[in-house]
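One structure is given below, encoded as structure tokens.
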Amino acid sequence: MADSEHVDLDEFIAGVKRRNPGQPEFVQAVTEVAQDIFEFIADKEEYHRWQILRRISEPDRVVSFRVCWEDDNHNIRVQRGFRIQNNNAIGPYKGGIRFHPSVNESILKFLAFEQTFKNALTGLPMGGGKGGATFNPKGKSDGEIMRFCQSFMTELFRHIGANIDVPAGDIGVGAREIGYMFGQYKRITNSFEGVLTGKGLEYGGSLIRPEATGYGAVYFLENMLRTRGQGLEGKSAAISGSGNVATHAAEKINQLGGKVLTLSDSEGFIHDPDGITQEKIDWVKSHKTRRRGRISDYVDEYKGATFHRGERPWGVTCDVALPCATQNELLGADARLLVANGCIAVSEGANMPTDLDGVHVFKEARILYAPGKASNAGGVAVSGLEMSQNSARLSWKEAELQQLLKDIMAGIHTRCLEYGQQGDGYIDYVKGANIAGFKKVADAMLAFGVV
Ligand code: NDP
Ligand code: 2IT
């Protein structure tokens with residue numbers, strides 16, 4: 001311990017790189033957090049002595065497993081499944097499951113690491129975890145999705161539990177997939193318990209869980225704008241993605257008087273200068289989820305809009321931006337463009353959508369910038385409320401949950417201010433979120449000793 005007591009930031013990052021070769025996303029996430037934490041703990045000997053950051057950045061457990069399934073043409077297919085249990089100092093591991101061909105250990109480790117801080121920020125008792133598989137749900141039949149989910153759960157079930165680890169959805173995993181996984185868990189264990197969140201309302205799901213991440217990201221944006229005496233009324237918004245988070249963020253922007261100009265998917269973005277109204281959002285939701293369509297089809301339906309293949313929406317002039325698709329989808333050059341075009345606030349619906357260069361640009365420009373671990377925490381927060389409802393065997397009313405979501409987002413904003421407010425009035429939300437999230441987990445770890 002004596003040796004590592006005096007490790008500085010550069011040595012620490014070098015160690016993270018050495019121990020995690022070929023895992024750039026994980027190194028990126030740890031680097032962003034470590035910069036702020038080293039500054040915070042500079043005069044706090046305990047955190048050094050007990051090696052807290054070093055321990056948080058080594059997952060408690062990385063589980064990797066084979067998932068076999070049979071496709072509709074009777075071909076046997078093999079995918080790799082994972083569950084990363086990063087840290088359970090303040091509650092059971094909690095975090096989503098991602099089904100996407102890009103899934104690998106680096107991406108899930110970064111997500112589980114970020115989740116640890118995010119969950120702490122919500123104020124609810126949840127540790128950090130993440131899971132997923134290299135499975136590509138696009139173009140698969142309902143039967144194939146069911147068989148894949150059942151096979152995935154046939155291994156995952158032994159690693160999770162209502163008081164152990166509670167997965168939920170993420171990219172490629174929504175209510176349908178959660179249903180198939182819950183059914184298989186119940187079948188294998190014969191136990192009806194709140195082992196997953198994002199469930200259907202008939203079997204223990206919570207109202208507003210589908211809306212919570214997108215709505216929460218807009219509430220956070222509203223909280224940020226308020227610090228500068230502004231609101232969303234009349235503001236134009238660029239949003240990326242067209243899945244769960246993006247469509248619900250768009251919905252809330254509309255409800256609060258803003259105008260949504262863009263949505264996107266992995267093929268490109270659509271720009272609708274007339275505004276993507278609620279009716280158009282409903283069309284996108286049903287087109288993308290029920291009919292598995294592409295966002296490019298929007299321009300056939302709504303004539304004033306244009307589709308930009310292979311491009312991201314950050315060149316469209318807007319007041320506020322919400323990246324809601326995936327990691328590293330907003331790079332330094334995009335950030336410079338947004339700032340140059342007058343964007344005043346960025347609220348991340350996705351996890352780590354902005355790369356380190358982009359974060360630097362936003363901070364330098366002193367615009368309002370919320371990292372995903374603060375602004376997209378509404379989803380996991382309502383998951384936490386779903387866990388409480390399951391434990392109490394109760395279902396809370398919608399109005400009550402809506403209020404709780406708003407209060408939780410406001411609470412996260414306040415926690416960010418505690419450590420993020422700078423002398424000149426600028427609020428560094430990245431620093432605020434990192435330190436507030438770290439402190440809660442770190443103090444619990446101190447209480448446990450070396451475990
Ligand atoms: P969905 O699967 O519902 O939608 C994902 C959207 O992002 C789709 O439009 C998809 O386009 C696009 N996308 C996915 N991968 C890529 C890629 N590699 N390049 C470009 N576009 C891509 O997922 P969610 O809306 O649930 O998740 C979006 C983001 O929000 C993720 O970063 C997730 O981790 C984060 N998040 C989600 C929460 C939740 O509650 N669901 C909670 C907190 C954060 P296409 O259809 O072409 O693949
Ligand atoms: O990234 C996230 O916070 C999620 N995908 C939601 C996790 C959850 O447990 O609801």
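Every chain in the structure tokens takes a letter, A first, then B, and so on in the order presented; its residues are numbered from 1, and the ligands are numbered from 1 following the presented order.
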
- Task: Fewer than 2 positions away in the same chain doesn't count, so skip those; otherwise give me all residues within 9 Å of stretch 280-289 of chain A, counting only C-alpha atoms, as a PyMOL selection string.
- Result: chain A and resi 242-244+247-248+250-251+275-278+291-295+297-298+302

- Message: Show me which residues are within 8 Å of ligand 1 counting only C-alpha atoms and all ligand atoms, and format the list as JSON, numbers by chain.
- Response: {"A": [96, 98, 100, 102, 111, 138, 168, 169, 170, 171, 172, 173, 174, 209, 210, 212, 213, 214, 240, 241, 242, 243, 244, 245, 246, 247, 264, 265, 266, 267, 268, 288, 294, 295, 324, 325, 326, 327, 329, 349, 350, 351, 352, 353, 372, 376, 377, 378, 379, 380]}

- Task: Mind listing the helix (DSSP H, G or I) residues of stretch 327-376 of chain A, per DSSP on the backbone, as a VMD selection string?
- Result: chain A and resid 332 to 340 356 to 365 372 to 375

Can you pull out the residues contacting stretch 51-55 of chain A? Cut-off 10 Å, using only C-alpha atoms, and skip same-chain residues under 5 positions away; I want them as a short mmCIF file (atom, residue, chain, number, x, y, z; two decimals) with all heavy atoms, in the first residue's frame.
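The resulting selection.cif:
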data_model
loop_
_atom_site.label_atom_id
_atom_site.label_comp_id
_atom_site.auth_asym_id
_atom_site.auth_seq_id
_atom_site.Cartn_x
_atom_site.Cartn_y
_atom_site.Cartn_z
N MET A 1 0.84 -1.20 0.00
CA MET A 1 0.00 0.00 0.00
C MET A 1 0.87 1.26 0.00
O MET A 1 0.58 2.22 -0.66
CB MET A 1 -0.91 -0.02 1.22
CG MET A 1 -2.11 0.90 1.08
SD MET A 1 -3.19 0.79 2.49
CE MET A 1 -3.86 -0.85 2.32
N SER A 4 1.75 2.59 -3.51
CA SER A 4 0.72 3.22 -4.32
C SER A 4 0.13 4.47 -3.68
O SER A 4 -0.55 5.23 -4.33
CB SER A 4 -0.38 2.22 -4.63
OG SER A 4 -0.66 1.44 -3.50
N GLU A 5 0.45 4.70 -2.39
CA GLU A 5 -0.06 5.90 -1.73
C GLU A 5 0.31 7.16 -2.49
O GLU A 5 -0.42 8.13 -2.50
CB GLU A 5 0.56 6.00 -0.34
CG GLU A 5 -0.41 5.68 0.78
CD GLU A 5 0.28 5.75 2.11
OE1 GLU A 5 0.72 6.86 2.46
OE2 GLU A 5 0.38 4.72 2.79
N PHE A 12 -1.44 6.87 -12.30
CA PHE A 12 -2.69 6.13 -12.10
C PHE A 12 -3.30 5.74 -13.46
O PHE A 12 -3.65 4.59 -13.70
CB PHE A 12 -3.70 6.96 -11.29
CG PHE A 12 -5.02 6.27 -11.08
CD1 PHE A 12 -5.19 5.32 -10.08
CD2 PHE A 12 -6.11 6.56 -11.90
CE1 PHE A 12 -6.41 4.66 -9.91
CE2 PHE A 12 -7.34 5.91 -11.74
CZ PHE A 12 -7.48 4.96 -10.74
N GLY A 15 -1.43 3.10 -15.19
CA GLY A 15 -1.75 1.79 -14.60
C GLY A 15 -3.07 1.24 -15.14
O GLY A 15 -3.18 0.05 -15.45
N VAL A 16 -4.06 2.12 -15.26
CA VAL A 16 -5.36 1.69 -15.78
C VAL A 16 -5.18 1.17 -17.21
O VAL A 16 -5.72 0.13 -17.58
CB VAL A 16 -6.39 2.86 -15.73
CG1 VAL A 16 -7.69 2.47 -16.44
CG2 VAL A 16 -6.68 3.27 -14.29
N VAL A 30 -12.64 6.05 -17.04
CA VAL A 30 -11.90 6.16 -15.78
C VAL A 30 -11.06 7.44 -15.79
O VAL A 30 -10.97 8.15 -14.77
CB VAL A 30 -11.00 4.91 -15.54
CG1 VAL A 30 -10.17 5.09 -14.28
CG2 VAL A 30 -11.85 3.65 -15.44
N VAL A 33 -13.11 10.53 -14.89
CA VAL A 33 -13.46 10.60 -13.47
C VAL A 33 -12.21 10.88 -12.62
O VAL A 33 -12.24 11.71 -11.71
CB VAL A 33 -14.14 9.27 -13.02
CG1 VAL A 33 -14.23 9.19 -11.50
CG2 VAL A 33 -15.54 9.16 -13.65
N ALA A 34 -11.11 10.20 -12.96
CA ALA A 34 -9.90 10.29 -12.12
C ALA A 34 -9.37 11.72 -12.03
O ALA A 34 -8.90 12.16 -10.99
CB ALA A 34 -8.83 9.35 -12.67
N ILE A 37 -11.31 13.35 -9.35
CA ILE A 37 -11.17 12.73 -8.03
C ILE A 37 -9.78 13.00 -7.43
O ILE A 37 -9.64 13.26 -6.23
CB ILE A 37 -11.46 11.20 -8.11
CG1 ILE A 37 -12.88 10.96 -8.64
CG2 ILE A 37 -11.26 10.54 -6.74
CD1 ILE A 37 -13.98 11.69 -7.92
N PHE A 38 -8.75 12.97 -8.27
CA PHE A 38 -7.41 13.24 -7.74
C PHE A 38 -7.35 14.63 -7.11
O PHE A 38 -6.73 14.83 -6.07
CB PHE A 38 -6.34 13.07 -8.83
CG PHE A 38 -5.72 11.71 -8.79
CD1 PHE A 38 -6.40 10.61 -9.28
CD2 PHE A 38 -4.46 11.51 -8.22
CE1 PHE A 38 -5.86 9.34 -9.22
CE2 PHE A 38 -3.90 10.24 -8.16
CZ PHE A 38 -4.59 9.16 -8.66
N ILE A 41 -9.30 14.46 -3.73
CA ILE A 41 -8.71 13.71 -2.61
C ILE A 41 -7.28 14.17 -2.27
O ILE A 41 -6.65 13.60 -1.38
CB ILE A 41 -8.73 12.18 -2.86
CG1 ILE A 41 -7.85 11.78 -4.06
CG2 ILE A 41 -10.16 11.69 -3.07
CD1 ILE A 41 -7.78 10.27 -4.27
N GLU A 45 -6.28 12.10 3.07
CA GLU A 45 -5.36 10.97 3.17
C GLU A 45 -6.06 9.61 3.17
O GLU A 45 -5.62 8.63 2.55
CB GLU A 45 -4.54 11.15 4.46
CG GLU A 45 -3.44 10.15 4.68
CD GLU A 45 -2.47 10.04 3.48
OE1 GLU A 45 -2.30 11.04 2.75
OE2 GLU A 45 -1.92 8.94 3.28
N GLU A 46 -7.23 9.55 3.83
CA GLU A 46 -7.94 8.26 3.95
C GLU A 46 -8.23 7.61 2.61
O GLU A 46 -8.06 6.41 2.43
CB GLU A 46 -9.28 8.52 4.65
CG GLU A 46 -9.32 8.06 6.08
CD GLU A 46 -10.74 8.11 6.61
OE1 GLU A 46 -11.57 8.89 6.09
OE2 GLU A 46 -11.01 7.35 7.54
N ASP A 60 -15.88 -5.59 -9.42
CA ASP A 60 -15.95 -6.70 -8.46
C ASP A 60 -15.89 -8.03 -9.20
O ASP A 60 -15.28 -8.99 -8.76
CB ASP A 60 -17.28 -6.65 -7.69
CG ASP A 60 -17.32 -5.51 -6.68
OD1 ASP A 60 -16.32 -4.79 -6.55
OD2 ASP A 60 -18.38 -5.33 -6.02
N ASN A 86 -19.81 -4.02 -11.08
CA ASN A 86 -18.69 -3.11 -10.78
C ASN A 86 -18.51 -2.86 -9.29
O ASN A 86 -17.41 -2.97 -8.77
CB ASN A 86 -18.86 -1.78 -11.51
CG ASN A 86 -17.60 -0.96 -11.49
OD1 ASN A 86 -16.63 -1.32 -12.15
ND2 ASN A 86 -17.56 0.08 -10.69
N ASN A 87 -19.59 -2.52 -8.61
CA ASN A 87 -19.45 -2.12 -7.21
C ASN A 87 -20.81 -2.21 -6.52
O ASN A 87 -21.81 -1.71 -7.04
CB ASN A 87 -18.92 -0.67 -7.16
CG ASN A 87 -18.58 -0.21 -5.76
OD1 ASN A 87 -19.46 -0.06 -4.92
ND2 ASN A 87 -17.31 -0.01 -5.49
N PHE A 438 -18.71 9.83 -6.30
CA PHE A 438 -17.56 9.14 -5.69
C PHE A 438 -17.66 9.14 -4.17
O PHE A 438 -17.47 8.12 -3.52
CB PHE A 438 -16.26 9.82 -6.13
CG PHE A 438 -15.04 9.33 -5.41
CD1 PHE A 438 -14.40 8.17 -5.81
CD2 PHE A 438 -14.52 10.04 -4.33
CE1 PHE A 438 -13.28 7.71 -5.15
CE2 PHE A 438 -13.39 9.59 -3.66
CZ PHE A 438 -12.77 8.42 -4.07
N LYS A 439 -17.99 10.31 -3.62
CA LYS A 439 -17.93 10.46 -2.17
C LYS A 439 -18.86 9.48 -1.45
O LYS A 439 -18.51 8.86 -0.46
CB LYS A 439 -18.25 11.90 -1.78
CG LYS A 439 -17.96 12.17 -0.32
CD LYS A 439 -18.00 13.63 0.04
CE LYS A 439 -17.61 13.82 1.50
NZ LYS A 439 -18.33 12.97 2.44
N VAL A 441 -20.05 6.54 -2.52
CA VAL A 441 -19.57 5.16 -2.65
C VAL A 441 -18.30 4.98 -1.79
O VAL A 441 -18.15 4.00 -1.07
CB VAL A 441 -19.28 4.83 -4.13
CG1 VAL A 441 -18.68 3.45 -4.28
CG2 VAL A 441 -20.56 4.94 -4.96
N ALA A 442 -17.41 5.97 -1.86
CA ALA A 442 -16.13 5.88 -1.15
C ALA A 442 -16.35 5.80 0.37
O ALA A 442 -15.71 5.00 1.05
CB ALA A 442 -15.28 7.10 -1.49
N ASP A 443 -17.27 6.60 0.88
CA ASP A 443 -17.48 6.59 2.33
C ASP A 443 -18.07 5.26 2.79
O ASP A 443 -17.76 4.79 3.90
CB ASP A 443 -18.35 7.79 2.74
CG ASP A 443 -17.58 9.11 2.58
OD1 ASP A 443 -16.33 9.05 2.42
OD2 ASP A 443 -18.20 10.18 2.61
N MET A 445 -17.41 2.44 1.32
CA MET A 445 -16.29 1.50 1.24
C MET A 445 -15.35 1.65 2.44
O MET A 445 -14.82 0.65 2.94
CB MET A 445 -15.53 1.70 -0.08
CG MET A 445 -16.33 1.20 -1.27
SD MET A 445 -15.57 1.61 -2.87
CE MET A 445 -14.15 0.53 -2.89
N LEU A 446 -15.17 2.88 2.91
CA LEU A 446 -14.31 3.09 4.08
C LEU A 446 -14.88 2.34 5.28
O LEU A 446 -14.14 1.76 6.08
CB LEU A 446 -14.21 4.59 4.41
CG LEU A 446 -13.35 5.45 3.48
CD1 LEU A 446 -13.40 6.91 3.93
CD2 LEU A 446 -11.91 4.94 3.43
N VAL A 450 -11.05 -3.31 4.15
CA VAL A 450 -10.51 -3.82 2.89
C VAL A 450 -11.25 -5.11 2.53
O VAL A 450 -10.98 -6.16 3.10
CB VAL A 450 -9.00 -4.08 3.02
CG1 VAL A 450 -8.44 -4.58 1.67
CG2 VAL A 450 -8.29 -2.79 3.43
N VAL A 451 -12.20 -4.98 1.59
CA VAL A 451 -12.95 -6.17 1.16
C VAL A 451 -13.00 -6.23 -0.37
O VAL A 451 -12.81 -5.23 -1.02
CB VAL A 451 -14.41 -6.17 1.70
CG1 VAL A 451 -14.42 -6.41 3.20
CG2 VAL A 451 -15.14 -4.89 1.36
#

- Item | A:Arg83, A:Arg187, A:Arg415, A:Lys17 ranked by distance to A:Lys118, top pick (using only C-alpha atoms) | A:Arg415

- Item | Residues within 7 Å of stretch 408-410 of chain A, only C-alpha atoms, excluding chain neighbours under 4 positions, as a VMD selection string | chain A and resid 122 216 219 to 220 223 378 404 414

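Within the 6 Å cut-off around stretch 188-195 of chain A, using only C-alpha atoms and omitting residues fewer than 6 positions from it on the same chain, the listed residues are Gly161, Ala162, Val166 and Asn390 of chain A.
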
- Query: For ligand 2, which residue out of A:Lys199, A:Arg77, A:Arg228, A:Lys363 is the nearest one, using only C-alpha atoms and all ligand atoms?
  - Reply: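 Checking each of A:Lys199, A:Arg77, A:Arg228, A:Lys363 against ligand 2, counting only C-alpha atoms and all ligand atoms, the winner is A:Lys199.
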
- Item | Between atom CA of A:Ile253 and atom CA of A:Ala321, distance in Å (one decimal) |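 Computing the Euclidean distance for atom CA of A:Ile253 and atom CA of A:Ala321 yields 10.9 Å.
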
- Query: Which residue, A:Tyr419, A:Phe82, A:Phe117, A:Trp50, has the smallest gap to ligand 2 when you use only C-alpha atoms and all ligand atoms?
  - Reply: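 Using only C-alpha atoms and all ligand atoms, the shortest distance to ligand 2 belongs to A:Phe117.
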
May I have the residues within 6 Å of A:Gln150 as an mmCIF file with N, CA, C and O atoms, in the first residue's frame, using only C-alpha atoms and disregarding those fewer than 3 positions away in the same chain?
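The new file result_20.cif reads:
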data_model
loop_
_atom_site.group_PDB
_atom_site.id
_atom_site.type_symbol
_atom_site.label_atom_id
_atom_site.label_comp_id
_atom_site.auth_asym_id
_atom_site.auth_seq_id
_atom_site.Cartn_x
_atom_site.Cartn_y
_atom_site.Cartn_z
ATOM 1 N N ARG A 147 -36.122 -16.739 -28.164
ATOM 2 C CA ARG A 147 -35.166 -17.829 -27.902
ATOM 3 C C ARG A 147 -33.819 -17.288 -27.438
ATOM 4 O O ARG A 147 -33.176 -17.857 -26.564
ATOM 5 N N MET A 153 -30.781 -15.690 -20.426
ATOM 6 C CA MET A 153 -31.166 -15.759 -19.009
ATOM 7 C C MET A 153 -30.818 -17.109 -18.385
ATOM 8 O O MET A 153 -30.595 -17.200 -17.169
ATOM 9 N N MET A 181 -37.074 -12.269 -20.717
ATOM 10 C CA MET A 181 -36.047 -12.624 -19.724
ATOM 11 C C MET A 181 -36.673 -12.884 -18.351
ATOM 12 O O MET A 181 -36.282 -13.820 -17.654
ATOM 13 N N GLN A 184 -38.296 -16.296 -18.265
ATOM 14 C CA GLN A 184 -37.325 -17.399 -18.166
ATOM 15 C C GLN A 184 -36.730 -17.473 -16.760
ATOM 16 O O GLN A 184 -36.524 -18.556 -16.228
#

- Task: Run DSSP on the backbone and grab whatever in stretch 37-193 of chain A lands in strand (DSSP E); send it over as an MDAnalysis selection string.
- Result: chainID A and resid 61:70 76:87 93:99 128:133 165:168
